[in-house]
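Worksheet: the structure to be examined is printed underneath.
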Amino acid sequence: MPETSDKHIGARIREFRLIRDFSLAELGRRAHVSTSQLSRVETGEQPASPSVLAAVARALGVTLSVLHGQPYIHMLQKDQLDRLLAPISSALDAWDIPPEDDLPLRPLDDIAEDTKVVAKKRAQGKFGPVAEALPELITDTALAVQTYTAPGRDRERAHNLQAEIARTTAIVAYRLGYMDLARLALARMAVAAPQSGDPRQVAVERYERAVITHAETSRPDRGVALMKRALRDLDDDGDPATMAVRGTLLLRASALSAVQKDHTAAGDWLGQAEALAEAGAAADAAEEPPGSRYALAFGELNVNLGRLDVAMFQDDYETAVRVAGDVRLPDSYQPTRVAGFLIRRASAEAWTARHDDALASLEQAREKAPQLTRYHPEVHQTVGTLLRARQRAAEPLREFAQWSGV
């Protein structure tokens with residue numbers, strides 16, 4: 001009998017194959033895998049080997065993590081994706097080409113306000129409305145950069161807005177599983193950020209590259225190298241916004257080091273982040289939500305969440321449970337982030353045989369963000385662990401397993 005995770009991955013492969021309009025034969029040709037083998041993988045009759053999964057992911061243009069469970073793609077259907085993403089791709093391709101039509105130049109203040117709105121919606125996981133707004137904003141910022149060519153504040157501000165829009169585009173494309181589009185947007189951000197006059201924007205670009213590119217291609221070492229470079233180039237000037245960016249870089253370096261099993265380095269990075277959070281606690285508390293700048297989140301809460309991540313990466317589940325017990329999420333925290341925390345807590349509870357607690361955490365996650373919970377790979381792994389443990393609360397566990405497709 002195949003593993004439930006393989007069934008899940010097989011269903012994901014089929015879903016992305018249909019979205020790409022590939023037949024089994026076409027996907028097999030692109031991935032160099034036989035049609036019969038692909039068919040068995042999709043139906044769950046045969047587990048997929050790591051080499052087959054890697055080949056299929058490349059052929060589909062997604063990362064392995066997307067195949068293992070990307071919830072956001074379920075929010076949109078194929079025709080919606082085509083309608084939303086094609087104009088974004090076209091706008092990015094024409095980034096530095098003067099428009100044929102005599103388009104009016106929008107005021108930078110208006111563009112900045114719209115940029116804040118889409119960043120907020122992006123943080124809430126509202127990728128459909130964000131994707132609809134992006135083509136126009138990409139064109140607006142490109143026109144602003146082409147207009148403000150003389151050195152000065154307007155030129156820097158136009159590049160800063162261009163970098164922010166490129167960043168949002170990269171994140172949305174990545175979350176929807178379109179890695180080629182995400183990489184193109186990151187490349188645009190890398191061009192705009194150094195012209196923004198804001199070294200923090202350059203650091204944020206390196207952070208996103210570490211998250212989207214190197215971490216997802218199993219090269220956490222490159223991600224750590226990027227974080228080191230970003231921290232070295234970003235002056236510690238005591239500005240609250242700079243502290244937020246530096247703290248986020250430190251937490252990312254800690255997590256990536258933990259992935260590499262470099263526990264000493266992970267602890268060192270985490271310790272630096274903790275010290276920085278303590279120094280900026282007063283400034284962080286004034287933000288809404290606390291610690292949010294550059295659409296990044298950093299403060300005591302995020303250090304605790306980083307400590308939880310490191311413990312999970314180190315398979316230290318007792319510590320993870322203890323750290324999770326100390327986490328207090330603000331009422332303003334986004335539901336998807338709350339659900340993500342609860343899912344991690346449930347995983348640690350399952351591994352430490354706290355079966356009732358794990359199931360309760362999963363139920364809470366489902367209440368907060370059912371779409372995220374239903375397709376999250378860690379939910380499937382945790383439910384599988386609970387099923388194998390033959391938990392006494394069999395009926396609610398079976399109900400949850402059926403709901404989540406395990």
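Following the order of the structure tokens, chains are lettered A, B, ..., residues in each are numbered from 1, and ligands are numbered from 1.
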Near range 178-193 of chain A, within 8 Å and counting only C-alpha atoms, which residues show up once chain neighbours fewer than 2 positions away are dropped, as a PDB file with all heavy atoms, in the first residue's frame?
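So around_37.pdb came out as:
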```pdb
ATOM      1  N   GLY A  61       8.106  23.138 -13.976  1.00  0.00           N
ATOM      2  CA  GLY A  61       8.526  24.491 -13.649  1.00  0.00           C
ATOM      3  C   GLY A  61       8.188  24.910 -12.243  1.00  0.00           C
ATOM      4  O   GLY A  61       7.915  26.084 -11.979  1.00  0.00           O
ATOM      5  N   VAL A  62       8.205  23.953 -11.300  1.00  0.00           N
ATOM      6  CA  VAL A  62       7.921  24.257  -9.903  1.00  0.00           C
ATOM      7  C   VAL A  62       9.015  23.660  -9.036  1.00  0.00           C
ATOM      8  O   VAL A  62       9.861  22.898  -9.507  1.00  0.00           O
ATOM      9  CB  VAL A  62       6.546  23.702  -9.459  1.00  0.00           C
ATOM     10  CG1 VAL A  62       5.439  24.307 -10.299  1.00  0.00           C
ATOM     11  CG2 VAL A  62       6.513  22.177  -9.564  1.00  0.00           C
ATOM     12  N   THR A  63       9.008  23.998  -7.762  1.00  0.00           N
ATOM     13  CA  THR A  63       9.975  23.431  -6.839  1.00  0.00           C
ATOM     14  C   THR A  63       9.410  22.169  -6.193  1.00  0.00           C
ATOM     15  O   THR A  63       8.206  21.913  -6.234  1.00  0.00           O
ATOM     16  CB  THR A  63      10.321  24.433  -5.722  1.00  0.00           C
ATOM     17  OG1 THR A  63       9.133  24.699  -4.980  1.00  0.00           O
ATOM     18  CG2 THR A  63      10.867  25.720  -6.290  1.00  0.00           C
ATOM     19  N   SER A  89       3.640  38.620 -16.578  1.00  0.00           N
ATOM     20  CA  SER A  89       4.835  38.226 -17.327  1.00  0.00           C
ATOM     21  C   SER A  89       5.123  39.203 -18.457  1.00  0.00           C
ATOM     22  O   SER A  89       6.273  39.603 -18.679  1.00  0.00           O
ATOM     23  CB  SER A  89       4.655  36.807 -17.875  1.00  0.00           C
ATOM     24  OG  SER A  89       5.788  36.410 -18.610  1.00  0.00           O
ATOM     25  N   LEU A  92       6.561  42.481 -17.062  1.00  0.00           N
ATOM     26  CA  LEU A  92       7.960  42.336 -16.657  1.00  0.00           C
ATOM     27  C   LEU A  92       8.887  42.283 -17.862  1.00  0.00           C
ATOM     28  O   LEU A  92       9.997  42.827 -17.843  1.00  0.00           O
ATOM     29  CB  LEU A  92       8.131  41.070 -15.813  1.00  0.00           C
ATOM     30  CG  LEU A  92       7.626  41.129 -14.376  1.00  0.00           C
ATOM     31  CD1 LEU A  92       7.807  39.772 -13.707  1.00  0.00           C
ATOM     32  CD2 LEU A  92       8.359  42.201 -13.577  1.00  0.00           C
ATOM     33  N   HIS A 159      12.774  54.086  -8.161  1.00  0.00           N
ATOM     34  CA  HIS A 159      13.449  52.781  -8.134  1.00  0.00           C
ATOM     35  C   HIS A 159      13.041  51.972  -6.907  1.00  0.00           C
ATOM     36  O   HIS A 159      12.922  50.739  -6.975  1.00  0.00           O
ATOM     37  CB  HIS A 159      14.968  52.967  -8.162  1.00  0.00           C
ATOM     38  CG  HIS A 159      15.514  53.207  -9.535  1.00  0.00           C
ATOM     39  ND1 HIS A 159      15.823  54.457 -10.010  1.00  0.00           N
ATOM     40  CD2 HIS A 159      15.787  52.343 -10.548  1.00  0.00           C
ATOM     41  CE1 HIS A 159      16.286  54.362 -11.251  1.00  0.00           C
ATOM     42  NE2 HIS A 159      16.273  53.098 -11.596  1.00  0.00           N
ATOM     43  N   ASN A 160      12.844  52.668  -5.780  1.00  0.00           N
ATOM     44  CA  ASN A 160      12.427  51.962  -4.561  1.00  0.00           C
ATOM     45  C   ASN A 160      11.057  51.316  -4.759  1.00  0.00           C
ATOM     46  O   ASN A 160      10.837  50.150  -4.392  1.00  0.00           O
ATOM     47  CB  ASN A 160      12.392  52.950  -3.389  1.00  0.00           C
ATOM     48  CG  ASN A 160      12.496  52.257  -2.047  1.00  0.00           C
ATOM     49  OD1 ASN A 160      11.940  51.187  -1.840  1.00  0.00           O
ATOM     50  ND2 ASN A 160      13.227  52.877  -1.122  1.00  0.00           N
ATOM     51  N   GLN A 162       9.730  50.512  -7.609  1.00  0.00           N
ATOM     52  CA  GLN A 162       9.896  49.456  -8.598  1.00  0.00           C
ATOM     53  C   GLN A 162      10.412  48.176  -7.939  1.00  0.00           C
ATOM     54  O   GLN A 162       9.938  47.068  -8.240  1.00  0.00           O
ATOM     55  CB  GLN A 162      10.869  49.917  -9.684  1.00  0.00           C
ATOM     56  CG  GLN A 162      10.914  48.998 -10.893  1.00  0.00           C
ATOM     57  CD  GLN A 162      11.818  49.551 -11.976  1.00  0.00           C
ATOM     58  OE1 GLN A 162      12.977  49.878 -11.723  1.00  0.00           O
ATOM     59  NE2 GLN A 162      11.294  49.657 -13.189  1.00  0.00           N
ATOM     60  N   ALA A 163      11.353  48.336  -7.010  1.00  0.00           N
ATOM     61  CA  ALA A 163      11.885  47.167  -6.296  1.00  0.00           C
ATOM     62  C   ALA A 163      10.808  46.508  -5.448  1.00  0.00           C
ATOM     63  O   ALA A 163      10.720  45.272  -5.384  1.00  0.00           O
ATOM     64  CB  ALA A 163      13.066  47.589  -5.422  1.00  0.00           C
ATOM     65  N   GLU A 164       9.968  47.313  -4.792  1.00  0.00           N
ATOM     66  CA  GLU A 164       8.910  46.754  -3.951  1.00  0.00           C
ATOM     67  C   GLU A 164       7.870  45.989  -4.772  1.00  0.00           C
ATOM     68  O   GLU A 164       7.418  44.907  -4.376  1.00  0.00           O
ATOM     69  CB  GLU A 164       8.218  47.872  -3.170  1.00  0.00           C
ATOM     70  CG  GLU A 164       8.893  48.216  -1.853  1.00  0.00           C
ATOM     71  CD  GLU A 164       8.914  47.046  -0.890  1.00  0.00           C
ATOM     72  OE1 GLU A 164       7.852  46.456  -0.635  1.00  0.00           O
ATOM     73  OE2 GLU A 164       9.999  46.711  -0.407  1.00  0.00           O
ATOM     74  N   ALA A 166       8.406  44.604  -7.708  1.00  0.00           N
ATOM     75  CA  ALA A 166       9.069  43.385  -8.189  1.00  0.00           C
ATOM     76  C   ALA A 166       9.102  42.333  -7.091  1.00  0.00           C
ATOM     77  O   ALA A 166       8.912  41.136  -7.353  1.00  0.00           O
ATOM     78  CB  ALA A 166      10.491  43.713  -8.655  1.00  0.00           C
ATOM     79  N   ARG A 167       9.318  42.780  -5.866  1.00  0.00           N
ATOM     80  CA  ARG A 167       9.351  41.842  -4.746  1.00  0.00           C
ATOM     81  C   ARG A 167       7.988  41.178  -4.544  1.00  0.00           C
ATOM     82  O   ARG A 167       7.896  39.954  -4.378  1.00  0.00           O
ATOM     83  CB  ARG A 167       9.756  42.588  -3.479  1.00  0.00           C
ATOM     84  CG  ARG A 167       9.785  41.721  -2.236  1.00  0.00           C
ATOM     85  CD  ARG A 167      10.043  42.572  -1.026  1.00  0.00           C
ATOM     86  NE  ARG A 167       9.969  41.786   0.187  1.00  0.00           N
ATOM     87  CZ  ARG A 167       9.645  42.288   1.365  1.00  0.00           C
ATOM     88  NH1 ARG A 167       9.372  43.565   1.498  1.00  0.00           N
ATOM     89  NH2 ARG A 167       9.596  41.511   2.436  1.00  0.00           N
ATOM     90  N   THR A 169       5.708  40.784  -6.774  1.00  0.00           N
ATOM     91  CA  THR A 169       5.498  39.895  -7.919  1.00  0.00           C
ATOM     92  C   THR A 169       6.220  38.577  -7.715  1.00  0.00           C
ATOM     93  O   THR A 169       5.665  37.494  -7.973  1.00  0.00           O
ATOM     94  CB  THR A 169       5.996  40.568  -9.204  1.00  0.00           C
ATOM     95  OG1 THR A 169       5.336  41.819  -9.386  1.00  0.00           O
ATOM     96  CG2 THR A 169       5.740  39.683 -10.415  1.00  0.00           C
ATOM     97  N   ALA A 170       7.460  38.628  -7.234  1.00  0.00           N
ATOM     98  CA  ALA A 170       8.239  37.409  -7.020  1.00  0.00           C
ATOM     99  C   ALA A 170       7.580  36.518  -5.974  1.00  0.00           C
ATOM    100  O   ALA A 170       7.493  35.297  -6.148  1.00  0.00           O
ATOM    101  CB  ALA A 170       9.662  37.773  -6.591  1.00  0.00           C
ATOM    102  N   ILE A 171       7.109  37.110  -4.888  1.00  0.00           N
ATOM    103  CA  ILE A 171       6.503  36.329  -3.816  1.00  0.00           C
ATOM    104  C   ILE A 171       5.210  35.669  -4.283  1.00  0.00           C
ATOM    105  O   ILE A 171       4.972  34.486  -4.028  1.00  0.00           O
ATOM    106  CB  ILE A 171       6.243  37.219  -2.584  1.00  0.00           C
ATOM    107  CG1 ILE A 171       7.576  37.670  -1.973  1.00  0.00           C
ATOM    108  CG2 ILE A 171       5.405  36.482  -1.541  1.00  0.00           C
ATOM    109  CD1 ILE A 171       7.431  38.713  -0.876  1.00  0.00           C
ATOM    110  N   VAL A 172       4.375  36.416  -4.992  1.00  0.00           N
ATOM    111  CA  VAL A 172       3.112  35.860  -5.473  1.00  0.00           C
ATOM    112  C   VAL A 172       3.374  34.734  -6.472  1.00  0.00           C
ATOM    113  O   VAL A 172       2.753  33.663  -6.397  1.00  0.00           O
ATOM    114  CB  VAL A 172       2.236  36.967  -6.102  1.00  0.00           C
ATOM    115  CG1 VAL A 172       1.050  36.363  -6.824  1.00  0.00           C
ATOM    116  CG2 VAL A 172       1.759  37.928  -5.025  1.00  0.00           C
ATOM    117  N   ALA A 173       4.279  34.957  -7.422  1.00  0.00           N
ATOM    118  CA  ALA A 173       4.596  33.923  -8.407  1.00  0.00           C
ATOM    119  C   ALA A 173       5.146  32.673  -7.727  1.00  0.00           C
ATOM    120  O   ALA A 173       4.792  31.541  -8.085  1.00  0.00           O
ATOM    121  CB  ALA A 173       5.593  34.459  -9.427  1.00  0.00           C
ATOM    122  N   TYR A 174       5.986  32.869  -6.733  1.00  0.00           N
ATOM    123  CA  TYR A 174       6.564  31.742  -5.991  1.00  0.00           C
ATOM    124  C   TYR A 174       5.483  30.968  -5.256  1.00  0.00           C
ATOM    125  O   TYR A 174       5.443  29.733  -5.293  1.00  0.00           O
ATOM    126  CB  TYR A 174       7.608  32.294  -5.026  1.00  0.00           C
ATOM    127  CG  TYR A 174       8.088  31.322  -3.971  1.00  0.00           C
ATOM    128  CD1 TYR A 174       8.779  30.175  -4.311  1.00  0.00           C
ATOM    129  CD2 TYR A 174       7.854  31.576  -2.614  1.00  0.00           C
ATOM    130  CE1 TYR A 174       9.230  29.293  -3.342  1.00  0.00           C
ATOM    131  CE2 TYR A 174       8.293  30.710  -1.645  1.00  0.00           C
ATOM    132  CZ  TYR A 174       8.981  29.569  -2.010  1.00  0.00           C
ATOM    133  OH  TYR A 174       9.416  28.697  -1.049  1.00  0.00           O
ATOM    134  N   ARG A 175       4.588  31.680  -4.594  1.00  0.00           N
ATOM    135  CA  ARG A 175       3.529  31.012  -3.838  1.00  0.00           C
ATOM    136  C   ARG A 175       2.568  30.247  -4.744  1.00  0.00           C
ATOM    137  O   ARG A 175       1.993  29.242  -4.338  1.00  0.00           O
ATOM    138  CB  ARG A 175       2.739  32.037  -3.016  1.00  0.00           C
ATOM    139  CG  ARG A 175       3.539  32.688  -1.905  1.00  0.00           C
ATOM    140  CD  ARG A 175       3.994  31.676  -0.893  1.00  0.00           C
ATOM    141  NE  ARG A 175       4.601  32.300   0.262  1.00  0.00           N
ATOM    142  CZ  ARG A 175       5.229  31.656   1.225  1.00  0.00           C
ATOM    143  NH1 ARG A 175       5.324  30.334   1.169  1.00  0.00           N
ATOM    144  NH2 ARG A 175       5.760  32.285   2.242  1.00  0.00           N
ATOM    145  N   LEU A 176       2.398  30.732  -5.963  1.00  0.00           N
ATOM    146  CA  LEU A 176       1.515  30.046  -6.895  1.00  0.00           C
ATOM    147  C   LEU A 176       2.246  28.966  -7.697  1.00  0.00           C
ATOM    148  O   LEU A 176       1.639  28.310  -8.536  1.00  0.00           O
ATOM    149  CB  LEU A 176       0.872  31.059  -7.848  1.00  0.00           C
ATOM    150  CG  LEU A 176      -0.102  32.036  -7.190  1.00  0.00           C
ATOM    151  CD1 LEU A 176      -0.630  33.029  -8.211  1.00  0.00           C
ATOM    152  CD2 LEU A 176      -1.257  31.314  -6.513  1.00  0.00           C
ATOM    153  N   GLN A 195      19.562  51.110  -7.062  1.00  0.00           N
ATOM    154  CA  GLN A 195      19.326  52.478  -7.513  1.00  0.00           C
ATOM    155  C   GLN A 195      18.365  53.233  -6.602  1.00  0.00           C
ATOM    156  O   GLN A 195      18.077  54.408  -6.839  1.00  0.00           O
ATOM    157  CB  GLN A 195      18.741  52.446  -8.935  1.00  0.00           C
ATOM    158  CG  GLN A 195      19.572  51.678  -9.942  1.00  0.00           C
ATOM    159  CD  GLN A 195      20.944  52.270 -10.144  1.00  0.00           C
ATOM    160  OE1 GLN A 195      21.103  53.494 -10.150  1.00  0.00           O
ATOM    161  NE2 GLN A 195      21.953  51.424 -10.290  1.00  0.00           N
ATOM    162  N   SER A 196      17.870  52.557  -5.571  1.00  0.00           N
ATOM    163  CA  SER A 196      16.852  53.163  -4.712  1.00  0.00           C
ATOM    164  C   SER A 196      17.425  54.110  -3.670  1.00  0.00           C
ATOM    165  O   SER A 196      16.669  54.838  -3.020  1.00  0.00           O
ATOM    166  CB  SER A 196      16.062  52.064  -3.999  1.00  0.00           C
ATOM    167  OG  SER A 196      16.884  51.406  -3.039  1.00  0.00           O
ATOM    168  N   GLY A 197      18.737  54.076  -3.477  1.00  0.00           N
ATOM    169  CA  GLY A 197      19.341  54.889  -2.442  1.00  0.00           C
ATOM    170  C   GLY A 197      19.102  54.361  -1.049  1.00  0.00           C
ATOM    171  O   GLY A 197      19.419  55.020  -0.056  1.00  0.00           O
ATOM    172  N   ASP A 198      18.536  53.161  -0.941  1.00  0.00           N
ATOM    173  CA  ASP A 198      18.204  52.564   0.350  1.00  0.00           C
ATOM    174  C   ASP A 198      18.917  51.223   0.476  1.00  0.00           C
ATOM    175  O   ASP A 198      18.498  50.237  -0.141  1.00  0.00           O
ATOM    176  CB  ASP A 198      16.694  52.371   0.463  1.00  0.00           C
ATOM    177  CG  ASP A 198      16.264  51.890   1.841  1.00  0.00           C
ATOM    178  OD1 ASP A 198      17.147  51.586   2.666  1.00  0.00           O
ATOM    179  OD2 ASP A 198      15.041  51.811   2.083  1.00  0.00           O
ATOM    180  N   PRO A 199      19.996  51.153   1.241  1.00  0.00           N
ATOM    181  CA  PRO A 199      20.712  49.877   1.381  1.00  0.00           C
ATOM    182  C   PRO A 199      19.854  48.776   1.980  1.00  0.00           C
ATOM    183  O   PRO A 199      20.119  47.591   1.776  1.00  0.00           O
ATOM    184  CB  PRO A 199      21.897  50.234   2.299  1.00  0.00           C
ATOM    185  CG  PRO A 199      21.478  51.486   3.006  1.00  0.00           C
ATOM    186  CD  PRO A 199      20.600  52.215   2.044  1.00  0.00           C
ATOM    187  N   GLN A 201      16.835  48.109   1.085  1.00  0.00           N
ATOM    188  CA  GLN A 201      16.150  47.482  -0.040  1.00  0.00           C
ATOM    189  C   GLN A 201      17.042  46.435  -0.709  1.00  0.00           C
ATOM    190  O   GLN A 201      16.576  45.371  -1.136  1.00  0.00           O
ATOM    191  CB  GLN A 201      15.741  48.551  -1.058  1.00  0.00           C
ATOM    192  CG  GLN A 201      14.734  48.092  -2.097  1.00  0.00           C
ATOM    193  CD  GLN A 201      13.378  47.780  -1.520  1.00  0.00           C
ATOM    194  OE1 GLN A 201      13.117  46.646  -1.154  1.00  0.00           O
ATOM    195  NE2 GLN A 201      12.514  48.780  -1.427  1.00  0.00           N
ATOM    196  N   VAL A 202      18.331  46.716  -0.765  1.00  0.00           N
ATOM    197  CA  VAL A 202      19.288  45.743  -1.311  1.00  0.00           C
ATOM    198  C   VAL A 202      19.339  44.513  -0.418  1.00  0.00           C
ATOM    199  O   VAL A 202      19.359  43.372  -0.899  1.00  0.00           O
ATOM    200  CB  VAL A 202      20.689  46.376  -1.436  1.00  0.00           C
ATOM    201  CG1 VAL A 202      21.708  45.344  -1.914  1.00  0.00           C
ATOM    202  CG2 VAL A 202      20.657  47.571  -2.387  1.00  0.00           C
ATOM    203  N   GLU A 205      16.263  42.386  -0.954  1.00  0.00           N
ATOM    204  CA  GLU A 205      16.364  41.598  -2.193  1.00  0.00           C
ATOM    205  C   GLU A 205      17.180  40.335  -1.963  1.00  0.00           C
ATOM    206  O   GLU A 205      16.813  39.252  -2.435  1.00  0.00           O
ATOM    207  CB  GLU A 205      17.005  42.446  -3.298  1.00  0.00           C
ATOM    208  CG  GLU A 205      17.105  41.746  -4.637  1.00  0.00           C
ATOM    209  CD  GLU A 205      18.358  40.902  -4.801  1.00  0.00           C
ATOM    210  OE1 GLU A 205      19.409  41.295  -4.277  1.00  0.00           O
ATOM    211  OE2 GLU A 205      18.277  39.835  -5.457  1.00  0.00           O
ATOM    212  N   GLU A 208      15.021  37.825  -0.008  1.00  0.00           N
ATOM    213  CA  GLU A 208      14.034  37.133  -0.838  1.00  0.00           C
ATOM    214  C   GLU A 208      14.711  36.119  -1.757  1.00  0.00           C
ATOM    215  O   GLU A 208      14.162  35.039  -2.011  1.00  0.00           O
ATOM    216  CB  GLU A 208      13.224  38.134  -1.661  1.00  0.00           C
ATOM    217  CG  GLU A 208      12.384  39.102  -0.843  1.00  0.00           C
ATOM    218  CD  GLU A 208      11.304  38.430  -0.008  1.00  0.00           C
ATOM    219  OE1 GLU A 208      11.127  37.198  -0.102  1.00  0.00           O
ATOM    220  OE2 GLU A 208      10.630  39.137   0.763  1.00  0.00           O
ATOM    221  N   ARG A 209      15.897  36.443  -2.244  1.00  0.00           N
ATOM    222  CA  ARG A 209      16.604  35.490  -3.091  1.00  0.00           C
ATOM    223  C   ARG A 209      16.974  34.242  -2.301  1.00  0.00           C
ATOM    224  O   ARG A 209      16.894  33.114  -2.798  1.00  0.00           O
ATOM    225  CB  ARG A 209      17.860  36.137  -3.672  1.00  0.00           C
ATOM    226  CG  ARG A 209      18.338  35.434  -4.932  1.00  0.00           C
ATOM    227  CD  ARG A 209      19.603  35.994  -5.540  1.00  0.00           C
ATOM    228  NE  ARG A 209      19.948  37.351  -5.174  1.00  0.00           N
ATOM    229  CZ  ARG A 209      21.218  37.788  -5.177  1.00  0.00           C
ATOM    230  NH1 ARG A 209      22.207  36.967  -5.473  1.00  0.00           N
ATOM    231  NH2 ARG A 209      21.491  39.036  -4.866  1.00  0.00           N
ATOM    232  N   ILE A 212      13.507  32.350  -1.794  1.00  0.00           N
ATOM    233  CA  ILE A 212      12.843  31.820  -2.984  1.00  0.00           C
ATOM    234  C   ILE A 212      13.751  30.924  -3.816  1.00  0.00           C
ATOM    235  O   ILE A 212      13.327  29.881  -4.318  1.00  0.00           O
ATOM    236  CB  ILE A 212      12.305  32.981  -3.847  1.00  0.00           C
ATOM    237  CG1 ILE A 212      11.178  33.701  -3.094  1.00  0.00           C
ATOM    238  CG2 ILE A 212      11.801  32.487  -5.200  1.00  0.00           C
ATOM    239  CD1 ILE A 212      10.650  34.939  -3.785  1.00  0.00           C
ATOM    240  N   THR A 213      14.998  31.310  -3.960  1.00  0.00           N
ATOM    241  CA  THR A 213      15.876  30.589  -4.885  1.00  0.00           C
ATOM    242  C   THR A 213      16.706  29.531  -4.193  1.00  0.00           C
ATOM    243  O   THR A 213      16.545  28.337  -4.436  1.00  0.00           O
ATOM    244  CB  THR A 213      16.800  31.582  -5.612  1.00  0.00           C
ATOM    245  OG1 THR A 213      16.003  32.558  -6.289  1.00  0.00           O
ATOM    246  CG2 THR A 213      17.654  30.851  -6.630  1.00  0.00           C
TER     247      THR A 213
END
```
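Nearest residue to Glu318 in chain A, choosing from A:Glu26, A:Glu349, A:Glu42, A:Asp109 and counting only C-alpha atoms: A:Glu349.
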Discussion item. Excluding Lys121 in chain A and its own-chain neighbours fewer than 3 positions away, which residues fall within 12 Å of it when counting only C-alpha atoms? Please give them as a ChimeraX atom specification.
Written reply: /A:114-118,124-134,168,171-172,295,334
Fill in: DSSP helix (DSSP H, G or I) residues within range 93-303 of chain A, listed as a ChimeraX atom specification
/A:93,108-123,127-147,153-175,179-196,199-217,220-233,240-259,263-279,281-285,300-303
Discussion item. I want to know what sits within 10 Å of Asp221 in chain A, based on only C-alpha atoms, with residues of the same chain fewer than 2 positions away left out; could you give that as JSON, numbers by chain?
Written reply: {"A": [210, 214, 215, 218, 219, 223, 224, 225, 226, 227, 253, 256, 257, 259, 260]}
Practice prompt. Compile the contact shell of Ala158 in chain A as a ChimeraX atom specification: residues with an atom at most 8 Å away, counting only C-alpha atoms, same-chain residues fewer than 2 positions apart removed.
Written response: /A:108,141,144-145,148,154-156,160-162,196
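Comparing A:Arg222, A:Arg307, A:Arg20, A:Arg200 by their smallest distance to Leu251 in chain A, the closest is A:Arg307 (using only C-alpha atoms).
Close contacts of Asp233 in chain A, defined as residues with an atom at most 8 Å away when counting only C-alpha atoms, with chain neighbours fewer than 2 positions off set aside, comprise A:Pro199, A:Ala203, A:Arg229, A:Ala230, A:Leu231, A:Asp235.
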Practice prompt. Compile the contact shell of Leu359 in chain A as number ranges by chain: residues with an atom at most 8 Å away, counting only C-alpha atoms, same-chain residues fewer than 3 positions apart removed.
Written response: A: 346, 355-356, 362-363, 397
Output for the residues just chosen: all heavy atoms as a compact mmCIF listing (two decimals), in the first residue's frame:
```
# COMPACT_ATOMS: atom_id res chain seq x y z
N ALA A 346 1.67 21.38 16.30
CA ALA A 346 1.05 20.05 16.23
C ALA A 346 2.08 18.99 15.85
O ALA A 346 2.07 17.88 16.40
CB ALA A 346 -0.09 20.05 15.22
N HIS A 355 -0.57 13.17 21.65
CA HIS A 355 -1.48 12.97 20.54
C HIS A 355 -2.74 13.82 20.63
O HIS A 355 -3.19 14.39 19.63
CB HIS A 355 -1.83 11.48 20.43
CG HIS A 355 -0.64 10.61 20.24
ND1 HIS A 355 -0.47 9.41 20.87
CD2 HIS A 355 0.48 10.79 19.49
CE1 HIS A 355 0.69 8.86 20.52
NE2 HIS A 355 1.27 9.69 19.68
N ASP A 356 -3.34 13.89 21.80
CA ASP A 356 -4.54 14.71 21.96
C ASP A 356 -4.24 16.18 21.68
O ASP A 356 -5.02 16.88 21.03
CB ASP A 356 -5.12 14.56 23.36
CG ASP A 356 -5.74 13.19 23.59
OD1 ASP A 356 -6.13 12.57 22.59
OD2 ASP A 356 -5.82 12.77 24.75
N LEU A 362 -4.20 20.92 15.43
CA LEU A 362 -4.62 20.84 14.03
C LEU A 362 -6.03 21.37 13.85
O LEU A 362 -6.33 22.05 12.86
CB LEU A 362 -4.53 19.39 13.53
CG LEU A 362 -3.14 18.81 13.34
CD1 LEU A 362 -3.23 17.34 12.92
CD2 LEU A 362 -2.35 19.60 12.30
N GLU A 363 -6.90 21.06 14.79
CA GLU A 363 -8.28 21.55 14.70
C GLU A 363 -8.29 23.08 14.79
O GLU A 363 -9.05 23.74 14.06
CB GLU A 363 -9.12 20.95 15.82
CG GLU A 363 -9.38 19.45 15.68
CD GLU A 363 -10.42 19.13 14.63
OE1 GLU A 363 -10.85 20.04 13.89
OE2 GLU A 363 -10.81 17.95 14.53
N LEU A 397 -10.02 11.88 14.64
CA LEU A 397 -8.81 11.78 13.83
C LEU A 397 -9.14 11.29 12.43
O LEU A 397 -8.64 11.81 11.43
CB LEU A 397 -7.80 10.84 14.50
CG LEU A 397 -6.47 10.66 13.76
CD1 LEU A 397 -5.81 12.01 13.52
CD2 LEU A 397 -5.54 9.75 14.56
```
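Distance-wise, CA of Phe313 in chain A and CA of Ala48 in chain A end up 24.0 Å apart.
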Worksheet item: In terms of the shortest atom-to-atom distance over only C-alpha atoms, which of A:Pro50, A:Pro107, A:Pro135, A:Gly267 is closest to Trp95 in chain A?
Response: A:Pro135
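From CA of Arg374 in chain A back to CA of Arg122 in chain A, the distance works out to 20.1 Å.
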Worksheet, complete the sentence: One residue among A:Leu67, A:Ala358, A:Gln314, A:Gln37 is nearest to Lys261 in chain A when using only C-alpha atoms, and that residue is A:Gln314
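For the atom pair formed by CA of Ala279 in chain A and CA of Gly340 in chain A, the distance is 27.2 Å, given to one decimal.
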Worksheet item: So, counting only C-alpha atoms, which residue among A:Leu342, A:Ala353, A:Ala273, A:Met243 is closest to Lys368 in chain A?
Response: A:Leu342
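Of the residues listed (A:Gly177, A:Pro104, A:Pro151, A:Pro87), A:Gly177 shows the shortest atom-to-atom separation from Arg58 in chain A; distances use only C-alpha atoms.
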